[in-house]
>>> print(open('coords19.tsv').read())   # TSV, C-alpha atoms and all ligand atoms
chain	number	residue	atom	x	y	z
E	1	MET	CA	0.00	0.00	0.00
E	2	ASN	CA	2.90	2.33	0.64
E	3	SER	CA	3.86	2.40	-3.01
E	4	ILE	CA	0.88	4.57	-4.03
E	5	PRO	CA	2.24	7.97	-5.10
E	6	ARG	CA	1.30	10.52	-2.48
E	7	LEU	CA	2.54	13.96	-1.50
E	8	ARG	CA	2.49	14.92	2.17
E	9	PHE	CA	1.23	18.42	2.74
E	10	ALA	CA	-1.92	17.92	4.81
E	11	HIS	CA	-1.66	18.50	8.54
E	12	LEU	CA	-2.49	15.02	9.76
E	13	PRO	CA	-3.88	13.53	11.85
E	14	THR	CA	-6.66	16.09	12.17
E	15	PRO	CA	-7.93	16.36	15.75
E	16	VAL	CA	-11.00	14.55	17.09
E	17	GLU	CA	-12.93	16.57	19.65
E	18	HIS	CA	-15.95	15.99	21.92
E	19	LEU	CA	-19.03	18.19	21.51
E	20	PRO	CA	-20.58	17.85	24.98
E	21	ARG	CA	-22.50	21.13	25.00
E	22	LEU	CA	-24.11	20.54	21.62
E	23	SER	CA	-24.95	16.99	22.66
E	24	ALA	CA	-26.67	18.30	25.79
E	25	VAL	CA	-28.59	20.99	23.92
E	26	LEU	CA	-29.90	18.40	21.48
E	27	GLY	CA	-30.59	15.90	24.28
E	28	GLY	CA	-29.09	13.36	22.00
E	29	PRO	CA	-26.32	10.81	21.65
E	30	LYS	CA	-22.65	11.54	22.24
E	31	LEU	CA	-21.13	13.68	19.48
E	32	LEU	CA	-17.55	13.75	18.25
E	33	ILE	CA	-16.15	15.94	15.49
E	34	LYS	CA	-13.25	15.15	13.15
E	35	ARG	CA	-11.60	18.43	12.29
E	36	ASP	CA	-10.96	18.01	8.58
E	37	ASP	CA	-11.55	21.74	8.33
E	38	GLN	CA	-8.01	21.85	9.80
E	39	THR	CA	-6.15	19.93	7.10
E	40	GLY	CA	-3.76	22.84	6.83
E	41	LEU	CA	-3.86	23.80	3.17
E	42	ALA	CA	-5.22	27.30	2.58
E	43	LEU	CA	-7.98	27.20	5.23
E	44	GLY	CA	-8.36	23.45	5.02
E	45	GLY	CA	-11.15	21.11	4.03
E	46	ASN	CA	-11.73	17.62	2.73
E	47	LYS	CA	-10.23	18.17	-0.74
E	48	THR	CA	-6.75	18.39	0.76
E	49	ARG	CA	-6.63	14.65	1.53
E	50	LYS	CA	-7.67	13.84	-2.04
E	51	LEU	CA	-5.16	16.27	-3.52
E	52	GLU	CA	-2.23	14.52	-1.81
E	53	PHE	CA	-2.90	11.62	-4.19
E	54	LEU	CA	-4.15	13.62	-7.17
E	55	VAL	CA	-1.18	15.99	-7.38
E	56	ALA	CA	1.22	13.07	-6.96
E	57	GLU	CA	-0.48	11.45	-9.95
E	58	ALA	CA	-0.33	14.71	-11.90
E	59	GLN	CA	3.40	15.01	-11.24
E	60	ALA	CA	3.98	11.37	-12.21
E	61	ASN	CA	2.23	12.19	-15.52
E	62	GLY	CA	4.53	15.14	-16.10
E	63	ALA	CA	1.73	17.68	-15.70
E	64	ARG	CA	2.46	21.38	-15.47
E	65	THR	CA	-1.11	22.65	-15.11
E	66	LEU	CA	-4.08	21.61	-12.98
E	67	VAL	CA	-7.47	22.13	-14.62
E	68	SER	CA	-10.60	21.77	-12.55
E	69	ALA	CA	-14.17	23.02	-12.29
E	70	GLY	CA	-16.94	23.70	-9.81
E	71	ALA	CA	-19.33	26.28	-8.49
E	72	LEU	CA	-18.21	29.90	-8.03
E	73	GLN	CA	-17.68	29.27	-4.30
E	74	SER	CA	-16.13	25.81	-4.76
E	75	ASN	CA	-13.93	24.78	-1.84
E	76	HIS	CA	-12.42	22.11	-4.02
E	77	CYS	CA	-11.28	24.67	-6.59
E	78	ARG	CA	-9.81	26.92	-3.89
E	79	GLN	CA	-7.75	24.05	-2.46
E	80	THR	CA	-6.70	23.00	-5.97
E	81	ALA	CA	-5.54	26.55	-6.73
E	82	ALA	CA	-3.57	26.63	-3.47
E	83	VAL	CA	-1.82	23.31	-4.06
E	84	ALA	CA	-0.96	24.37	-7.61
E	85	ALA	CA	0.71	27.49	-6.20
E	86	LYS	CA	2.57	25.38	-3.63
E	87	TYR	CA	4.01	23.01	-6.26
E	88	GLY	CA	4.67	25.60	-8.95
E	89	LEU	CA	1.92	24.40	-11.28
E	90	GLU	CA	-0.42	26.56	-13.30
E	91	CYS	CA	-4.09	26.32	-12.40
E	92	ILE	CA	-7.13	26.92	-14.59
E	93	LEU	CA	-10.58	26.81	-12.98
E	94	VAL	CA	-13.94	26.70	-14.76
E	95	LEU	CA	-16.47	28.15	-12.32
E	96	ASN	CA	-20.20	28.51	-12.82
E	97	GLY	CA	-22.15	31.36	-11.31
E	98	ALA	CA	-23.00	35.01	-11.74
E	99	SER	CA	-19.97	37.26	-11.90
E	100	PRO	CA	-19.82	38.87	-8.44
E	101	LEU	CA	-19.49	42.62	-8.00
E	102	VAL	CA	-16.66	42.08	-5.53
E	103	PRO	CA	-14.61	38.88	-5.33
E	104	THR	CA	-15.41	37.28	-1.96
E	105	GLY	CA	-14.93	33.95	-0.16
E	106	ASN	CA	-13.34	31.13	-2.11
E	107	TYR	CA	-13.56	33.08	-5.36
E	108	LEU	CA	-11.38	35.82	-3.91
E	109	LEU	CA	-8.85	33.24	-2.70
E	110	ASP	CA	-8.70	31.53	-6.12
E	111	HIS	CA	-7.39	34.80	-7.52
E	112	LEU	CA	-4.86	35.27	-4.71
E	113	PHE	CA	-3.43	31.84	-5.52
E	114	GLY	CA	-2.94	32.99	-9.09
E	115	ALA	CA	-5.49	30.69	-10.73
E	116	GLN	CA	-6.83	31.61	-14.13
E	117	VAL	CA	-10.62	31.64	-13.86
E	118	VAL	CA	-13.03	30.88	-16.70
E	119	LEU	CA	-16.54	31.93	-15.68
E	120	VAL	CA	-19.65	30.26	-17.09
E	121	THR	CA	-23.00	31.76	-16.23
E	122	GLU	CA	-25.05	28.61	-16.74
E	123	ARG	CA	-24.24	25.43	-14.89
E	124	ALA	CA	-25.52	23.51	-17.92
E	125	ASP	CA	-22.56	24.83	-19.95
E	126	ARG	CA	-19.95	23.84	-17.38
E	127	ASP	CA	-19.15	20.31	-18.60
E	128	ARG	CA	-18.60	21.52	-22.14
E	129	VAL	CA	-16.46	24.50	-21.19
E	130	PHE	CA	-14.46	22.33	-18.76
E	131	LYS	CA	-13.62	19.95	-21.60
E	132	GLU	CA	-12.88	22.75	-24.07
E	133	THR	CA	-10.63	24.47	-21.55
E	134	PHE	CA	-8.73	21.26	-20.93
E	135	ASP	CA	-8.32	20.58	-24.66
E	136	GLN	CA	-7.14	24.15	-25.24
E	137	ALA	CA	-4.56	23.79	-22.46
E	138	TRP	CA	-3.25	20.65	-24.23
E	139	ALA	CA	-3.10	22.47	-27.53
E	140	ASP	CA	-1.22	25.30	-25.85
E	141	GLY	CA	1.41	22.86	-24.53
E	142	LYS	CA	0.53	23.40	-20.88
E	143	ARG	CA	0.55	19.66	-20.07
E	144	PRO	CA	-2.73	19.82	-18.14
E	145	TYR	CA	-3.94	17.27	-15.59
E	146	LEU	CA	-7.69	17.09	-15.19
E	147	VAL	CA	-8.81	17.19	-11.57
E	148	PRO	CA	-12.44	16.01	-11.75
E	149	TYR	CA	-15.33	17.73	-9.94
E	150	GLY	CA	-14.66	17.55	-6.23
E	151	GLY	CA	-11.43	15.63	-6.83
E	152	SER	CA	-13.64	12.54	-6.87
E	153	SER	CA	-11.70	10.10	-9.02
E	154	PRO	CA	-10.64	6.69	-7.68
E	155	THR	CA	-7.23	8.23	-6.98
E	156	GLY	CA	-8.72	11.12	-5.02
E	157	ALA	CA	-10.99	8.82	-3.03
E	158	LEU	CA	-7.93	7.09	-1.55
E	159	GLY	CA	-7.46	10.12	0.69
E	160	TYR	CA	-10.57	9.14	2.64
E	161	ALA	CA	-9.78	5.44	2.76
E	162	PHE	CA	-6.62	6.37	4.67
E	163	ALA	CA	-8.59	8.86	6.76
E	164	VAL	CA	-10.49	5.90	8.23
E	165	GLN	CA	-7.20	4.25	9.16
E	166	GLU	CA	-6.15	7.54	10.75
E	167	PHE	CA	-9.35	7.80	12.80
E	168	LEU	CA	-9.05	4.20	14.00
E	169	SER	CA	-5.51	4.93	15.19
E	170	GLN	CA	-6.72	7.86	17.31
E	171	GLY	CA	-8.38	5.65	19.89
E	172	PHE	CA	-11.99	6.90	19.77
E	173	HIS	CA	-15.11	4.82	19.39
E	174	ALA	CA	-17.86	5.90	16.99
E	175	ASP	CA	-20.96	3.95	15.96
E	176	TRP	CA	-21.65	6.31	13.08
E	177	MET	CA	-19.68	8.53	10.76
E	178	VAL	CA	-21.85	11.35	9.36
E	179	PHE	CA	-20.79	13.91	6.72
E	180	GLY	CA	-21.94	15.84	3.68
E	181	THR	CA	-21.73	13.96	0.40
E	182	SER	CA	-21.87	15.42	-3.08
E	183	SER	CA	-19.44	14.29	-5.77
E	184	GLY	CA	-19.02	11.08	-3.74
E	185	GLY	CA	-15.24	10.80	-3.40
E	186	THR	CA	-15.25	11.36	0.33
E	187	GLN	CA	-17.92	8.73	0.86
E	188	ALA	CA	-16.30	6.26	-1.54
E	189	GLY	CA	-13.04	6.58	0.38
E	190	LEU	CA	-14.75	6.16	3.75
E	191	VAL	CA	-16.67	3.10	2.53
E	192	LEU	CA	-13.47	1.59	1.14
E	193	GLY	CA	-11.54	2.41	4.30
E	194	GLN	CA	-14.34	0.93	6.41
E	195	ARG	CA	-13.87	-2.41	4.61
E	196	VAL	CA	-10.09	-2.41	4.32
E	197	PHE	CA	-9.24	-1.18	7.80
E	198	GLY	CA	-12.12	-2.85	9.63
E	199	TYR	CA	-14.21	0.05	10.90
E	200	THR	CA	-17.25	-1.62	12.50
E	201	GLY	CA	-19.56	1.42	12.66
E	202	LYS	CA	-21.80	2.78	9.91
E	203	VAL	CA	-20.94	5.41	7.31
E	204	LEU	CA	-23.89	7.73	6.54
E	205	GLY	CA	-23.66	10.42	3.88
E	206	ILE	CA	-26.09	13.33	3.98
E	207	SER	CA	-26.60	14.43	0.40
E	208	ILE	CA	-25.91	18.03	-0.48
E	209	ASP	CA	-27.43	17.85	-3.96
E	210	GLU	CA	-27.55	14.35	-5.48
E	211	SER	CA	-30.27	11.70	-5.27
E	212	GLN	CA	-29.85	8.72	-2.97
E	213	ALA	CA	-30.04	6.37	-5.97
E	214	TRP	CA	-27.25	8.22	-7.82
E	215	LEU	CA	-25.05	8.26	-4.72
E	216	LYS	CA	-25.49	4.54	-4.03
E	217	THR	CA	-24.57	3.63	-7.61
E	218	HIS	CA	-21.81	6.15	-8.07
E	219	VAL	CA	-20.14	5.83	-4.66
E	220	SER	CA	-20.08	2.01	-4.77
E	221	ALA	CA	-18.54	2.04	-8.26
E	222	LEU	CA	-15.95	4.60	-7.18
E	223	ALA	CA	-15.06	2.60	-4.05
E	224	ALA	CA	-14.58	-0.56	-6.11
E	225	GLU	CA	-12.37	1.23	-8.62
E	226	ALA	CA	-10.34	2.89	-5.86
E	227	SER	CA	-9.80	-0.50	-4.21
E	228	GLU	CA	-7.80	-1.63	-7.25
E	229	ARG	CA	-5.17	0.98	-6.45
E	230	LEU	CA	-4.68	-0.63	-3.04
E	231	GLY	CA	-3.91	-4.02	-4.54
E	232	GLU	CA	-6.85	-6.10	-5.60
E	233	ARG	CA	-10.37	-5.18	-6.50
E	234	ILE	CA	-13.05	-5.32	-3.83
E	235	GLU	CA	-16.63	-5.34	-5.07
E	236	PHE	CA	-19.08	-2.84	-3.63
E	237	GLY	CA	-22.77	-2.55	-4.41
E	238	PRO	CA	-25.49	0.02	-3.71
E	239	GLN	CA	-26.38	-1.84	-0.49
E	240	ASP	CA	-22.92	-0.96	0.89
E	241	VAL	CA	-23.64	2.77	0.67
E	242	LEU	CA	-25.85	4.52	3.23
E	243	ALA	CA	-27.04	7.93	2.07
E	244	THR	CA	-30.06	10.13	2.55
E	245	ASP	CA	-31.30	12.79	0.16
E	246	ALA	CA	-33.96	14.05	2.56
E	247	TYR	CA	-32.28	17.42	3.15
E	248	CYS	CA	-31.32	18.73	-0.27
E	249	ALA	CA	-34.65	19.56	-1.89
E	250	ALA	CA	-33.90	23.31	-1.80
E	251	GLY	CA	-31.06	22.77	-4.29
E	252	TYR	CA	-27.29	23.22	-4.21
E	253	GLY	CA	-26.10	26.27	-2.31
E	254	VAL	CA	-29.58	27.44	-1.31
E	255	LEU	CA	-29.52	28.55	2.29
E	256	THR	CA	-32.58	27.50	4.33
E	257	ASN	CA	-33.41	27.42	8.02
E	258	LEU	CA	-31.90	23.92	8.20
E	259	GLU	CA	-28.39	25.16	7.39
E	260	ARG	CA	-28.80	28.42	9.30
E	261	GLU	CA	-29.80	26.66	12.51
E	262	ALA	CA	-26.98	24.12	12.26
E	263	VAL	CA	-24.35	26.79	11.62
E	264	ARG	CA	-25.61	28.78	14.59
E	265	LEU	CA	-25.91	25.82	17.00
E	266	PHE	CA	-22.33	24.67	16.34
E	267	ALA	CA	-21.05	28.23	16.63
E	268	LYS	CA	-23.02	29.20	19.72
E	269	HIS	CA	-22.55	26.03	21.77
E	270	GLU	CA	-19.15	24.78	20.67
E	271	GLY	CA	-17.34	27.71	19.02
E	272	ILE	CA	-17.06	25.65	15.83
E	273	LEU	CA	-17.65	27.04	12.37
E	274	LEU	CA	-19.57	25.16	9.72
E	275	ASP	CA	-20.19	26.39	6.20
E	276	PRO	CA	-23.51	27.35	4.59
E	277	VAL	CA	-23.40	24.88	1.67
E	278	TYR	CA	-21.97	21.55	2.86
E	279	THR	CA	-21.32	21.10	6.56
E	280	GLY	CA	-24.29	23.32	7.47
E	281	ARG	CA	-26.63	21.13	5.45
E	282	ALA	CA	-25.02	17.88	6.63
E	283	ALA	CA	-25.15	18.94	10.28
E	284	GLY	CA	-28.73	20.15	9.80
E	285	GLY	CA	-29.64	16.69	8.54
E	286	MET	CA	-27.81	15.04	11.42
E	287	ILE	CA	-29.60	17.26	13.95
E	288	ASP	CA	-32.95	16.35	12.41
E	289	LEU	CA	-32.06	12.65	12.58
E	290	ILE	CA	-31.12	13.08	16.26
E	291	ARG	CA	-34.39	14.86	17.03
E	292	THR	CA	-36.46	12.24	15.27
E	293	GLY	CA	-34.79	9.39	17.16
E	294	PHE	CA	-32.90	7.83	14.25
E	295	PHE	CA	-29.81	7.22	16.40
E	296	LYS	CA	-29.87	5.27	19.67
E	297	GLN	CA	-29.30	7.34	22.78
E	298	GLU	CA	-26.27	5.28	23.82
E	299	GLU	CA	-24.58	5.58	20.41
E	300	THR	CA	-21.68	7.86	19.52
E	301	ILE	CA	-21.71	9.85	16.28
E	302	LEU	CA	-18.60	11.20	14.59
E	303	PHE	CA	-19.35	14.25	12.43
E	304	TRP	CA	-16.70	14.98	9.80
E	305	ASN	CA	-16.20	18.73	9.57
E	306	THR	CA	-15.18	18.74	5.92
E	307	GLY	CA	-14.46	22.48	5.86
E	308	GLY	CA	-15.85	25.17	3.58
E	309	GLN	CA	-15.74	28.09	6.01
E	310	PRO	CA	-14.53	30.65	3.40
E	311	ALA	CA	-18.06	30.52	1.97
E	312	LEU	CA	-19.33	32.10	5.21
E	313	PHE	CA	-17.75	35.27	3.87
E	314	ALA	CA	-19.09	34.96	0.34
E	315	GLU	CA	-21.28	37.74	-0.97
E	316	LYS	CA	-23.98	35.17	-1.72
E	317	TYR	CA	-24.30	33.87	1.85
E	318	GLN	CA	-22.95	36.30	4.44
E	319	ALA	CA	-25.98	38.57	4.42
E	320	HIS	CA	-28.37	35.65	4.96
E	321	LEU	CA	-26.72	33.79	7.82
E	322	LEU	CA	-28.33	35.89	10.54
E	323	GLU	CA	-31.84	35.96	9.10
U	1	LIG	C1	-16.63	18.96	-1.53
U	1	LIG	C2	-17.16	19.09	-0.14
U	1	LIG	C3	-17.93	18.06	0.45
U	1	LIG	C4	-18.38	16.85	-0.31
U	1	LIG	O1	-17.36	15.96	-0.61
U	1	LIG	P1	-17.48	15.01	-1.90
U	1	LIG	O2	-16.27	14.19	-1.85
U	1	LIG	O3	-17.60	15.91	-3.09
U	1	LIG	O4	-18.73	14.20	-1.75
U	1	LIG	C5	-18.30	18.21	1.77
U	1	LIG	N1	-17.98	19.31	2.47
U	1	LIG	C6	-17.27	20.32	1.93
U	1	LIG	C7	-16.98	21.50	2.77
U	1	LIG	C8	-16.84	20.25	0.61
U	1	LIG	O5	-16.14	21.27	0.09
>>> encode(input="coords19.tsv", output="structure tokens")
Amino acid sequence: MNSIPRLRFAHLPTPVEHLPRLSAVLGGPKLLIKRDDQTGLALGGNKTRKLEFLVAEAQANGARTLVSAGALQSNHCRQTAAVAAKYGLECILVLNGASPLVPTGNYLLDHLFGAQVVLVTERADRDRVFKETFDQAWADGKRPYLVPYGGSSPTGALGYAFAVQEFLSQGFHADWMVFGTSSGGTQAGLVLGQRVFGYTGKVLGISIDESQAWLKTHVSALAAEASERLGERIEFGPQDVLATDAYCAAGYGVLTNLEREAVRLFAKHEGILLDPVYTGRAAGGMIDLIRTGFFKQEETILFWNTGGQPALFAEKYQAHLLE
């Protein structure tokens, strides 16, 4: 397993902390938090673990440019831009959204890291422009490496397989791991790590934007493919993936009372920051599941704080967090 190309820039292991005050306020099970918002690269987040493997692969391929895509406030793109700066690579980002009056949040940081940004107004055009941008970079001799949406290739997913090993080595017990899931790489890695490293609890993804059916199919396929990089293929099926899409009806990046309440509860009772798009929604879902008795009172839940805090300061969200 040690022969998989990997760079080491994340600050690992990330801490595990107890959330006793939040637990008491919710009258619920014991809560732990895994501080993957503290992975150390440019304000942290879950993409850093994936990028340790992705950038190693890019370098092995002789790449000189990282090309990726996402929403205007993409945390993934911000971390990709930062790692490109760190390793002297060019970075081109295709971002969808309305051109902001003032660059804020992740979008501001992308520029500080020197990324070249291609804006597309319509999300529907993003796939096409992403591909065109990549092809153009090839034609221009930039030796691009394509970092997929969310860094969720089999290579990227490995970051979260090893994150399970890391958690198990930290000496805590958790019956559940709960986190926000979107492009599926985090969940695929956790599901793979669960199997490979023998985590006996359950891994529950709270969907940010995708359907449960899509996540079960996509995450299991990604986990199986990622397993090949560890040695031999392990089969995963939809039944191996636990995900709920009960909390994403409002749509990607739409702030509702669910996210607002979660962000405020974590801040007010634990001094911990969540973000409006991902961890706010995931924690909101987890809080609802606690209130409706989904978890047993004697169980312990580990919430992965996957980062995203720069979006708190994005033009699109900052004015609406206190509503
Ligand atoms: C990207 C992201 C996620 C979702 O991870 P995936 O691997 O895309 O499913 C969760 N939280 C934050 C803060 C993110 O930026």
>>> closest_atom_pairs(input="coords19.tsv", of="chain E", to="ligand LIG 1 (chain U)", cutoff="8 Å", atoms="all atoms listed in the file", output="JSON lines")
{"residue": "E:Asp37", "atom": "CA", "partner": "U:LIG1", "partner_atom": "C7", "distance": 7.8}
{"residue": "E:Gly45", "atom": "CA", "partner": "U:LIG1", "partner_atom": "C7", "distance": 6.0}
{"residue": "E:Asn46", "atom": "CA", "partner": "U:LIG1", "partner_atom": "C8", "distance": 6.1}
{"residue": "E:Lys47", "atom": "CA", "partner": "U:LIG1", "partner_atom": "C1", "distance": 6.5}
{"residue": "E:Ser74", "atom": "CA", "partner": "U:LIG1", "partner_atom": "O5", "distance": 6.6}
{"residue": "E:Asn75", "atom": "CA", "partner": "U:LIG1", "partner_atom": "O5", "distance": 4.6}
{"residue": "E:His76", "atom": "CA", "partner": "U:LIG1", "partner_atom": "O5", "distance": 5.6}
{"residue": "E:Tyr149", "atom": "CA", "partner": "U:LIG1", "partner_atom": "O3", "distance": 7.4}
{"residue": "E:Gly150", "atom": "CA", "partner": "U:LIG1", "partner_atom": "O3", "distance": 4.6}
{"residue": "E:Gly151", "atom": "CA", "partner": "U:LIG1", "partner_atom": "O2", "distance": 7.1}
{"residue": "E:Ser152", "atom": "CA", "partner": "U:LIG1", "partner_atom": "O2", "distance": 5.9}
{"residue": "E:Ala157", "atom": "CA", "partner": "U:LIG1", "partner_atom": "O2", "distance": 7.6}
{"residue": "E:Phe179", "atom": "CA", "partner": "U:LIG1", "partner_atom": "C5", "distance": 7.0}
{"residue": "E:Gly180", "atom": "CA", "partner": "U:LIG1", "partner_atom": "C5", "distance": 4.7}
{"residue": "E:Thr181", "atom": "CA", "partner": "U:LIG1", "partner_atom": "O4", "distance": 3.7}
{"residue": "E:Ser182", "atom": "CA", "partner": "U:LIG1", "partner_atom": "O4", "distance": 3.6}
{"residue": "E:Ser183", "atom": "CA", "partner": "U:LIG1", "partner_atom": "O3", "distance": 3.6}
{"residue": "E:Gly184", "atom": "CA", "partner": "U:LIG1", "partner_atom": "O4", "distance": 3.7}
{"residue": "E:Gly185", "atom": "CA", "partner": "U:LIG1", "partner_atom": "O2", "distance": 3.9}
{"residue": "E:Thr186", "atom": "CA", "partner": "U:LIG1", "partner_atom": "O2", "distance": 3.7}
{"residue": "E:Gln187", "atom": "CA", "partner": "U:LIG1", "partner_atom": "O4", "distance": 6.1}
{"residue": "E:Ala188", "atom": "CA", "partner": "U:LIG1", "partner_atom": "O2", "distance": 7.9}
{"residue": "E:Ile208", "atom": "CA", "partner": "U:LIG1", "partner_atom": "C4", "distance": 7.6}
{"residue": "E:Asp275", "atom": "CA", "partner": "U:LIG1", "partner_atom": "C7", "distance": 6.8}
{"residue": "E:Val277", "atom": "CA", "partner": "U:LIG1", "partner_atom": "C7", "distance": 7.3}
{"residue": "E:Tyr278", "atom": "CA", "partner": "U:LIG1", "partner_atom": "N1", "distance": 4.6}
{"residue": "E:Thr279", "atom": "CA", "partner": "U:LIG1", "partner_atom": "N1", "distance": 5.6}
{"residue": "E:Asn305", "atom": "CA", "partner": "U:LIG1", "partner_atom": "N1", "distance": 7.3}
{"residue": "E:Thr306", "atom": "CA", "partner": "U:LIG1", "partner_atom": "N1", "distance": 4.5}
{"residue": "E:Gly307", "atom": "CA", "partner": "U:LIG1", "partner_atom": "C7", "distance": 4.1}
{"residue": "E:Gly308", "atom": "CA", "partner": "U:LIG1", "partner_atom": "C7", "distance": 3.9}
{"residue": "E:Gln309", "atom": "CA", "partner": "U:LIG1", "partner_atom": "C7", "distance": 7.4}
>>> atom_distance(input="coords19.tsv", atom1="CA of Tyr247 (chain E)", atom2="CA of Glu323 (chain E)")
19.5 Å
>>> atom_distance(input="coords19.tsv", atom1="CA of Ala98 (chain E)", atom2="CA of Tyr252 (chain E)")
14.6 Å
>>> atom_distance(input="coords19.tsv", atom1="CA of Ala42 (chain E)", atom2="CA of Tyr160 (chain E)")
18.9 Å
>>> closest_residue(input="coords19.tsv", among="E:Glu232, E:Glu270, E:Asp209, E:Asp127", to="Val196 (chain E)", atoms="all atoms listed in the file")
E:Glu232
>>> closest_residue(input="coords19.tsv", among="E:Ala137, E:Ala71, E:Cys77, E:Leu89", to="His111 (chain E)", atoms="only C-alpha atoms")
E:Cys77
>>> residues_around(input="coords19.tsv", residues="Ala246 (chain E)", least_positions_apart="5", cutoff="9 Å", atoms="all atoms listed in the file", output="list in words")
Ile206, Ser207, Ser211, Gln212 and Gly285 of chain E
>>> write_last_selection(input="coords19.tsv", atoms="C-alpha atoms", output="PDB file, keeping the file's coordinate frame")
ATOM      1  CA  ILE E 206     -26.090  13.330   3.980  1.00  0.00           C
ATOM      2  CA  SER E 207     -26.600  14.430   0.400  1.00  0.00           C
ATOM      3  CA  SER E 211     -30.270  11.700  -5.270  1.00  0.00           C
ATOM      4  CA  GLN E 212     -29.850   8.720  -2.970  1.00  0.00           C
ATOM      5  CA  GLY E 285     -29.640  16.690   8.540  1.00  0.00           C
TER       6      GLY E 285
END
>>> closest_residue(input="coords19.tsv", among="E:Lys316, E:Tyr145, E:Asp36, E:Asp245", to="Pro100 (chain E)", atoms="only C-alpha atoms")
E:Lys316
>>> closest_residue(input="coords19.tsv", among="E:Gly70, E:Leu93, E:Asp135, E:Thr65", to="Glu122 (chain E)", atoms="only C-alpha atoms")
E:Gly70
>>> axis_aligned_box(input="coords19.tsv", around="region 244-251 of chain E", padding_each_side="8 Å", output="lines of an AutoDock Vina configuration file")
center_x = -32.4
center_y = 16.7
center_z = -0.6
size_x = 20.6
size_y = 29.2
size_z = 23.4
>>> residues_around(input="coords19.tsv", residues="Gly114 (chain E)", least_positions_apart="5", cutoff="9 Å", atoms="all atoms listed in the file", output="ChimeraX atom specification")
/E:81-82,84-85,90-91,109
>>> closest_atom_pairs(input="coords19.tsv", of="region 183-262 of chain E", to="region 165-172 of chain E", cutoff="10 Å", atoms="all atoms listed in the file", output="Markdown table")
| residue | atom | partner | partner_atom | distance |
| --- | --- | --- | --- | --- |
| E:Leu190 | CA | E:Gln165 | CA | 9.5 |
| E:Gly193 | CA | E:Gln165 | CA | 6.8 |
| E:Gln194 | CA | E:Gln165 | CA | 8.3 |
| E:Val196 | CA | E:Gln165 | CA | 8.7 |
| E:Phe197 | CA | E:Gln165 | CA | 6.0 |
| E:Gly198 | CA | E:Gln165 | CA | 8.7 |
| E:Tyr199 | CA | E:Leu168 | CA | 7.3 |
>>> residues_around(input="coords19.tsv", residues="Leu265 (chain E)", least_positions_apart="3", cutoff="12 Å", atoms="only C-alpha atoms", output="ChimeraX atom specification")
/E:19,21-26,257-262,268-274,280,283-284,287
>>> closest_atom_pairs(input="coords19.tsv", of="region 238-317 of chain E", to="region 3-18 of chain E", cutoff="10 Å", atoms="all atoms listed in the file", output="Markdown table")
| residue | atom | partner | partner_atom | distance |
| --- | --- | --- | --- | --- |
| E:Glu270 | CA | E:His18 | CA | 9.4 |
| E:Leu302 | CA | E:Val16 | CA | 8.7 |
| E:Phe303 | CA | E:Val16 | CA | 9.6 |
| E:Trp304 | CA | E:Val16 | CA | 9.3 |
>>> residues_around(input="coords19.tsv", residues="Leu95 (chain E)", least_positions_apart="4", cutoff="8 Å", atoms="all atoms listed in the file", output="number ranges by chain")
E: 69-72, 74, 117-120, 126
>>> residues_around(input="coords19.tsv", residues="region 293-299 of chain E", least_positions_apart="4", cutoff="9 Å", atoms="all atoms listed in the file", output="count of residues only")
10
>>> closest_residue(input="coords19.tsv", among="E:Thr244, E:Thr80, E:Gln239, E:Ser227", to="Gly205 (chain E)", atoms="only C-alpha atoms")
E:Thr244
>>> residues_near_point(input="coords19.tsv", point="(-16.1, -8.5, -8.6)", cutoff="12 Å", atoms="only C-alpha atoms", output="VMD selection string")
chain E and resid 220 to 221 224 to 225 227 to 228 232 to 237
>>> closest_residue(input="coords19.tsv", among="E:Leu230, E:Arg281, E:Gln73, E:Val55", to="Tyr317 (chain E)", atoms="only C-alpha atoms")
E:Gln73
>>> build_atoms(input="coords19.tsv", residues="region 82-89 of chain E", atoms="N, CA and C atoms", output="PDB file, keeping the file's coordinate frame")
ATOM      1  N   ALA E  82      -4.618  26.460  -4.485  1.00  0.00           N
ATOM      2  CA  ALA E  82      -3.570  26.630  -3.470  1.00  0.00           C
ATOM      3  C   ALA E  82      -2.452  25.598  -3.666  1.00  0.00           C
ATOM      4  N   VAL E  83      -2.851  24.354  -3.920  1.00  0.00           N
ATOM      5  CA  VAL E  83      -1.820  23.310  -4.060  1.00  0.00           C
ATOM      6  C   VAL E  83      -1.025  23.528  -5.348  1.00  0.00           C
ATOM      7  N   ALA E  84      -1.678  24.053  -6.376  1.00  0.00           N
ATOM      8  CA  ALA E  84      -0.960  24.370  -7.610  1.00  0.00           C
ATOM      9  C   ALA E  84       0.118  25.414  -7.315  1.00  0.00           C
ATOM     10  N   ALA E  85      -0.259  26.442  -6.557  1.00  0.00           N
ATOM     11  CA  ALA E  85       0.710  27.490  -6.200  1.00  0.00           C
ATOM     12  C   ALA E  85       1.877  26.873  -5.415  1.00  0.00           C
ATOM     13  N   LYS E  86       1.549  25.987  -4.492  1.00  0.00           N
ATOM     14  CA  LYS E  86       2.570  25.380  -3.630  1.00  0.00           C
ATOM     15  C   LYS E  86       3.582  24.553  -4.426  1.00  0.00           C
ATOM     16  N   TYR E  87       3.112  23.876  -5.495  1.00  0.00           N
ATOM     17  CA  TYR E  87       4.010  23.010  -6.260  1.00  0.00           C
ATOM     18  C   TYR E  87       4.439  23.622  -7.596  1.00  0.00           C
ATOM     19  N   GLY E  88       4.189  24.917  -7.756  1.00  0.00           N
ATOM     20  CA  GLY E  88       4.670  25.600  -8.950  1.00  0.00           C
ATOM     21  C   GLY E  88       3.971  25.156 -10.224  1.00  0.00           C
ATOM     22  N   LEU E  89       2.705  24.783 -10.110  1.00  0.00           N
ATOM     23  CA  LEU E  89       1.920  24.400 -11.280  1.00  0.00           C
ATOM     24  C   LEU E  89       0.993  25.551 -11.654  1.00  0.00           C
TER      25      LEU E  89
END
